[in-house]
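Source file: protein_14.pdb. Holds: PDB, C-alpha atoms.
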ATOM      1  CA  MET A   1       0.000   0.000   0.000
ATOM      2  CA  ALA A   2       1.001   3.591  -0.387
ATOM      3  CA  GLU A   3       2.781   5.249   2.509
ATOM      4  CA  SER A   4       0.318   8.107   2.660
ATOM      5  CA  GLY A   5      -3.068   8.570   1.127
ATOM      6  CA  ASN A   6      -4.849   6.365  -1.343
ATOM      7  CA  SER A   7      -3.675   8.163  -4.488
ATOM      8  CA  ASN A   8      -1.058   5.528  -5.291
ATOM      9  CA  ALA A   9      -3.028   2.557  -3.945
ATOM     10  CA  ALA A  10      -5.018   2.099  -7.144
ATOM     11  CA  ALA A  11      -1.866   2.274  -9.264
ATOM     12  CA  GLU A  12      -0.019  -0.279  -7.140
ATOM     13  CA  VAL A  13      -0.810  -3.887  -7.935
ATOM     14  CA  PRO A  14       0.567  -6.068  -5.179
ATOM     15  CA  LYS A  15       1.823  -9.434  -6.213
ATOM     16  CA  TRP A  16      -0.035 -11.727  -3.874
ATOM     17  CA  THR A  17       1.911 -14.875  -3.214
ATOM     18  CA  PRO A  18      -0.135 -17.884  -2.146
ATOM     19  CA  VAL A  19       0.432 -19.025   1.440
ATOM     20  CA  PRO A  20       0.667 -22.842   1.542
ATOM     21  CA  ILE A  21      -1.449 -23.403   4.652
ATOM     22  CA  LEU A  22      -4.144 -21.035   3.387
ATOM     23  CA  GLU A  23      -4.119 -22.739  -0.011
ATOM     24  CA  GLU A  24      -4.671 -26.053   1.775
ATOM     25  CA  ILE A  25      -7.625 -24.581   3.647
ATOM     26  CA  LYS A  26      -9.002 -23.052   0.451
ATOM     27  CA  GLU A  27      -8.803 -26.350  -1.409
ATOM     28  CA  HIS A  28      -9.845 -28.780   1.326
ATOM     29  CA  GLY A  29     -11.648 -26.778   4.003
ATOM     30  CA  ARG A  30     -15.367 -26.920   4.558
ATOM     31  CA  VAL A  31     -17.599 -23.880   4.381
ATOM     32  CA  TRP A  32     -20.194 -22.908   6.983
ATOM     33  CA  GLU A  33     -23.124 -23.433   4.625
ATOM     34  CA  ASP A  34     -22.195 -27.126   4.252
ATOM     35  CA  LEU A  35     -21.494 -27.628   7.956
ATOM     36  CA  ALA A  36     -24.694 -25.868   9.039
ATOM     37  CA  SER A  37     -26.715 -28.047   6.691
ATOM     38  CA  GLN A  38     -24.965 -31.217   7.896
ATOM     39  CA  TYR A  39     -25.678 -30.455  11.561
ATOM     40  CA  GLY A  40     -29.121 -28.891  11.081
ATOM     41  CA  VAL A  41     -28.033 -25.398  12.135
ATOM     42  CA  THR A  42     -30.277 -22.631  10.819
ATOM     43  CA  ASN A  43     -28.142 -19.620  11.762
ATOM     44  CA  PRO A  44     -26.756 -18.185   8.504
ATOM     45  CA  ASP A  45     -23.613 -16.895  10.246
ATOM     46  CA  PRO A  46     -20.908 -19.212  11.559
ATOM     47  CA  PRO A  47     -20.267 -19.002  15.306
ATOM     48  CA  TRP A  48     -16.784 -17.602  14.679
ATOM     49  CA  LYS A  49     -18.008 -14.632  12.594
ATOM     50  CA  THR A  50     -18.433 -12.266  15.574
ATOM     51  CA  SER A  51     -14.931 -13.173  16.787
ATOM     52  CA  LEU A  52     -13.569 -12.409  13.318
ATOM     53  CA  ASP A  53     -15.257  -8.999  13.338
ATOM     54  CA  GLY A  54     -13.829  -8.288  16.804
ATOM     55  CA  ILE A  55     -10.318  -9.279  15.733
ATOM     56  CA  CYS A  56     -10.520  -6.914  12.768
ATOM     57  CA  GLU A  57     -11.603  -4.078  15.067
ATOM     58  CA  ALA A  58      -8.847  -4.825  17.583
ATOM     59  CA  LEU A  59      -6.181  -4.891  14.870
ATOM     60  CA  SER A  60      -7.150  -1.421  13.715
ATOM     61  CA  ALA A  61      -6.763  -0.155  17.331
ATOM     62  CA  GLY A  62      -8.625   2.580  19.122
ATOM     63  CA  SER A  63     -12.269   3.515  19.148
ATOM     64  CA  CYS A  64     -14.221   3.720  15.932
ATOM     65  CA  SER A  65     -14.157   7.512  15.904
ATOM     66  CA  SER A  66     -10.412   7.773  16.556
ATOM     67  CA  VAL A  67      -9.633   5.110  13.955
ATOM     68  CA  ALA A  68     -11.813   6.834  11.380
ATOM     69  CA  ALA A  69     -10.189  10.215  12.108
ATOM     70  CA  ALA A  70      -6.664   8.773  11.911
ATOM     71  CA  GLU A  71      -7.384   6.962   8.650
ATOM     72  CA  LYS A  72      -8.911  10.120   7.175
ATOM     73  CA  ARG A  73      -5.684  12.009   7.978
ATOM     74  CA  TRP A  74      -3.705   9.171   6.330
ATOM     75  CA  LEU A  75      -5.920   9.191   3.230
ATOM     76  CA  ASP A  76      -5.629  12.979   3.006
ATOM     77  CA  GLY A  77      -1.840  12.611   3.115
ATOM     78  CA  ARG A  78      -1.517  14.530   6.389
ATOM     79  CA  VAL A  79       0.164  11.625   8.193
ATOM     80  CA  ASP A  80       2.530   8.881   7.106
ATOM     81  CA  ARG A  81       1.437   5.207   7.226
ATOM     82  CA  SER A  82       4.217   4.484   9.731
ATOM     83  CA  SER A  83       2.599   6.875  12.215
ATOM     84  CA  MET A  84      -0.715   4.987  12.160
ATOM     85  CA  ASP A  85      -1.642   3.093  15.299
ATOM     86  CA  GLY A  86      -2.681  -0.506  15.035
ATOM     87  CA  ALA A  87      -1.163  -3.541  13.435
ATOM     88  CA  LEU A  88      -3.564  -3.470  10.501
ATOM     89  CA  PRO A  89      -5.566  -0.285   9.882
ATOM     90  CA  LEU A  90      -9.180  -0.857   8.853
ATOM     91  CA  LEU A  91      -8.960   0.648   5.372
ATOM     92  CA  GLU A  92      -5.673  -1.078   4.613
ATOM     93  CA  ARG A  93      -7.171  -4.411   5.682
ATOM     94  CA  ARG A  94     -10.237  -3.790   3.520
ATOM     95  CA  TRP A  95      -8.105  -2.871   0.479
ATOM     96  CA  GLU A  96      -6.108  -6.048   0.907
ATOM     97  CA  GLU A  97      -9.285  -8.065   1.450
ATOM     98  CA  ASP A  98     -10.731  -6.643  -1.772
ATOM     99  CA  GLU A  99      -7.543  -7.402  -3.732
ATOM    100  CA  LEU A 100      -7.205 -10.906  -2.323
ATOM    101  CA  SER A 101     -10.927 -11.575  -2.881
ATOM    102  CA  GLU A 102     -10.495 -10.724  -6.547
ATOM    103  CA  THR A 103      -7.375 -12.857  -6.972
ATOM    104  CA  LEU A 104      -6.314 -15.711  -4.695
ATOM    105  CA  TYR A 105      -9.610 -16.262  -2.882
ATOM    106  CA  GLN A 106     -12.159 -15.423  -5.578
ATOM    107  CA  ASP A 107     -13.685 -18.925  -5.466
ATOM    108  CA  VAL A 108     -14.115 -18.988  -1.677
ATOM    109  CA  PRO A 109     -17.527 -17.944  -0.321
ATOM    110  CA  PHE A 110     -17.999 -15.188   2.265
ATOM    111  CA  PRO A 111     -17.300 -15.191   5.268
ATOM    112  CA  GLU A 112     -14.636 -17.867   4.816
ATOM    113  CA  ARG A 113     -13.016 -15.621   2.194
ATOM    114  CA  GLN A 114     -12.810 -12.778   4.721
ATOM    115  CA  LEU A 115     -11.122 -15.095   7.214
ATOM    116  CA  LEU A 116      -8.550 -16.319   4.668
ATOM    117  CA  CYS A 117      -7.823 -12.736   3.567
ATOM    118  CA  LEU A 118      -7.255 -11.624   7.159
ATOM    119  CA  ALA A 119      -4.965 -14.597   7.843
ATOM    120  CA  HIS A 120      -3.070 -13.825   4.630
ATOM    121  CA  SER A 121      -2.567 -10.181   5.659
ATOM    122  CA  LEU A 122      -1.400 -11.188   9.138
ATOM    123  CA  ILE A 123       1.061 -13.756   7.783
ATOM    124  CA  LYS A 124       2.351 -11.256   5.211
ATOM    125  CA  ARG A 125       3.100  -8.786   8.027
ATOM    126  CA  GLY A 126       4.747 -11.412  10.228
ATOM    127  CA  LEU A 127       2.057 -11.027  12.900
ATOM    128  CA  VAL A 128       1.121 -14.692  12.519
ATOM    129  CA  ASN A 129       3.539 -17.499  11.724
ATOM    130  CA  GLU A 130       2.400 -20.256   9.333
ATOM    131  CA  GLN A 131       3.802 -23.018  11.528
ATOM    132  CA  ASP A 132       2.114 -21.634  14.649
ATOM    133  CA  LEU A 133      -1.169 -21.348  12.767
ATOM    134  CA  ALA A 134      -0.880 -24.940  11.551
ATOM    135  CA  ALA A 135      -0.116 -26.203  15.067
ATOM    136  CA  ARG A 136      -3.042 -24.272  16.529
ATOM    137  CA  MET A 137      -5.383 -25.628  13.860
ATOM    138  CA  ILE A 138      -4.345 -29.187  14.739
ATOM    139  CA  GLU A 139      -4.873 -28.483  18.430
ATOM    140  CA  VAL A 140      -8.375 -27.086  17.848
ATOM    141  CA  HIS A 141      -9.257 -29.944  15.476
ATOM    142  CA  GLU A 142      -8.201 -32.539  18.061
ATOM    143  CA  ARG A 143     -10.131 -30.774  20.821
ATOM    144  CA  LEU A 144     -13.288 -30.603  18.727
ATOM    145  CA  ASN A 145     -13.043 -34.245  17.684
ATOM    146  CA  ALA A 146     -12.468 -35.400  21.265
ATOM    147  CA  ALA A 147     -15.864 -34.054  22.345
TER     148      ALA A 147
END

Show me, as structure tokens, the structure contained in the file I just sent.
Amino acid sequence: MAESGNSNAAAEVPKWTPVPILEEIKEHGRVWEDLASQYGVTNPDPPWKTSLDGICEALSAGSCSSVAAAEKRWLDGRVDRSSMDGALPLLERRWEEDELSETLYQDVPFPERQLLCLAHSLIKRGLVNEQDLAARMIEVHERLNAA
């Protein structure tokens, strides 16, 4: 992304490199619609969707009004990207989500696509390690299958 403002963001075309663990999930994972149908769940949203929304908010840091004000200053070019609080500003995350949704994850339904895009952005920034993610996925899978 551009260091300040969105003027260069449209001109920049990031080269998204597939992340092996996310490619595995994309190819072999199951989507909520299938799981809900299998288990007779009628809620259209997966139980993890609210947690995903909360994680996105926490990554952008601050209250909604302060985040919006800070991102407006960044878009206007009044502040540099490096001065932005938060590990992953809201607008930057959304731009990446849009780009990834149109490229690597175009065949994945929402909200699973949103989850893969967020994981991709976090791995790209070094905030999440692929090996740690894989180990945690195994741990959760084993816990769920033990019940």

Point-to-point distance from CA of Asn129 (chain A) to CA of Gln114 (chain A), Å rounded to tenths: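 Those two atoms sit 18.4 Å apart.
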
Distance of CA of Lys26 (chain A) from CA of Val108 (chain A), expressed in Å to one decimal place: 6.9 Å

Report, in Å with one decimal, the straight-line distance from CA of Ser121 (chain A) to CA of Leu100 (chain A).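 Computed distance, CA of Ser121 (chain A) to CA of Leu100 (chain A), equals 9.3 Å.
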
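What the PyMOL selection byres ((chain A and resi 41-54) around 12) grabs from this file is Arg30, Val31, Trp32, Glu33, Asp34, Leu35, Ala36, Ser37, Gln38, Tyr39, Gly40, Ile55, Cys56, Glu57, Ala58, Leu59, Ser60, Ala61, Leu90, Phe110, Pro111, Glu112, Arg113, Gln114, Leu115, Leu116, Cys117, Leu118 and Ala119 of chain A.
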
Would you output that residue set with C-alpha atoms, as a short mmCIF file (atom, residue, chain, number, x, y, z; two decimals), keeping the file's coordinate frame?
data_model
loop_
_atom_site.label_atom_id
_atom_site.label_comp_id
_atom_site.auth_asym_id
_atom_site.auth_seq_id
_atom_site.Cartn_x
_atom_site.Cartn_y
_atom_site.Cartn_z
CA ARG A 30 -15.37 -26.92 4.56
CA VAL A 31 -17.60 -23.88 4.38
CA TRP A 32 -20.19 -22.91 6.98
CA GLU A 33 -23.12 -23.43 4.62
CA ASP A 34 -22.20 -27.13 4.25
CA LEU A 35 -21.49 -27.63 7.96
CA ALA A 36 -24.69 -25.87 9.04
CA SER A 37 -26.72 -28.05 6.69
CA GLN A 38 -24.96 -31.22 7.90
CA TYR A 39 -25.68 -30.46 11.56
CA GLY A 40 -29.12 -28.89 11.08
CA ILE A 55 -10.32 -9.28 15.73
CA CYS A 56 -10.52 -6.91 12.77
CA GLU A 57 -11.60 -4.08 15.07
CA ALA A 58 -8.85 -4.82 17.58
CA LEU A 59 -6.18 -4.89 14.87
CA SER A 60 -7.15 -1.42 13.72
CA ALA A 61 -6.76 -0.16 17.33
CA LEU A 90 -9.18 -0.86 8.85
CA PHE A 110 -18.00 -15.19 2.26
CA PRO A 111 -17.30 -15.19 5.27
CA GLU A 112 -14.64 -17.87 4.82
CA ARG A 113 -13.02 -15.62 2.19
CA GLN A 114 -12.81 -12.78 4.72
CA LEU A 115 -11.12 -15.10 7.21
CA LEU A 116 -8.55 -16.32 4.67
CA CYS A 117 -7.82 -12.74 3.57
CA LEU A 118 -7.26 -11.62 7.16
CA ALA A 119 -4.96 -14.60 7.84
#

Which residues would end up in the selection if the PyMOL selection byres ((chain A and resi 19) around 9) were applied here, given that I need the answer as a ChimeraX atom specification? /A:17-18,20-24,120,123-124,130

Please give the centre and size of the box around region 92-100 of chain A (axis-aligned, containing every atom listed in the file, 8 Å added per side), with values in Å to one decimal and written as AutoDock Vina command-line options.
--center_x -8.2 --center_y -6.0 --center_z 1.0 --size_x 21.1 --size_y 25.8 --size_z 25.4

With all atoms listed in the file as the basis for distance, which of A:Asp98, A:Leu88, A:Val140, A:Glu27 is at the shortest distance from Leu127 (chain A)? A:Leu88
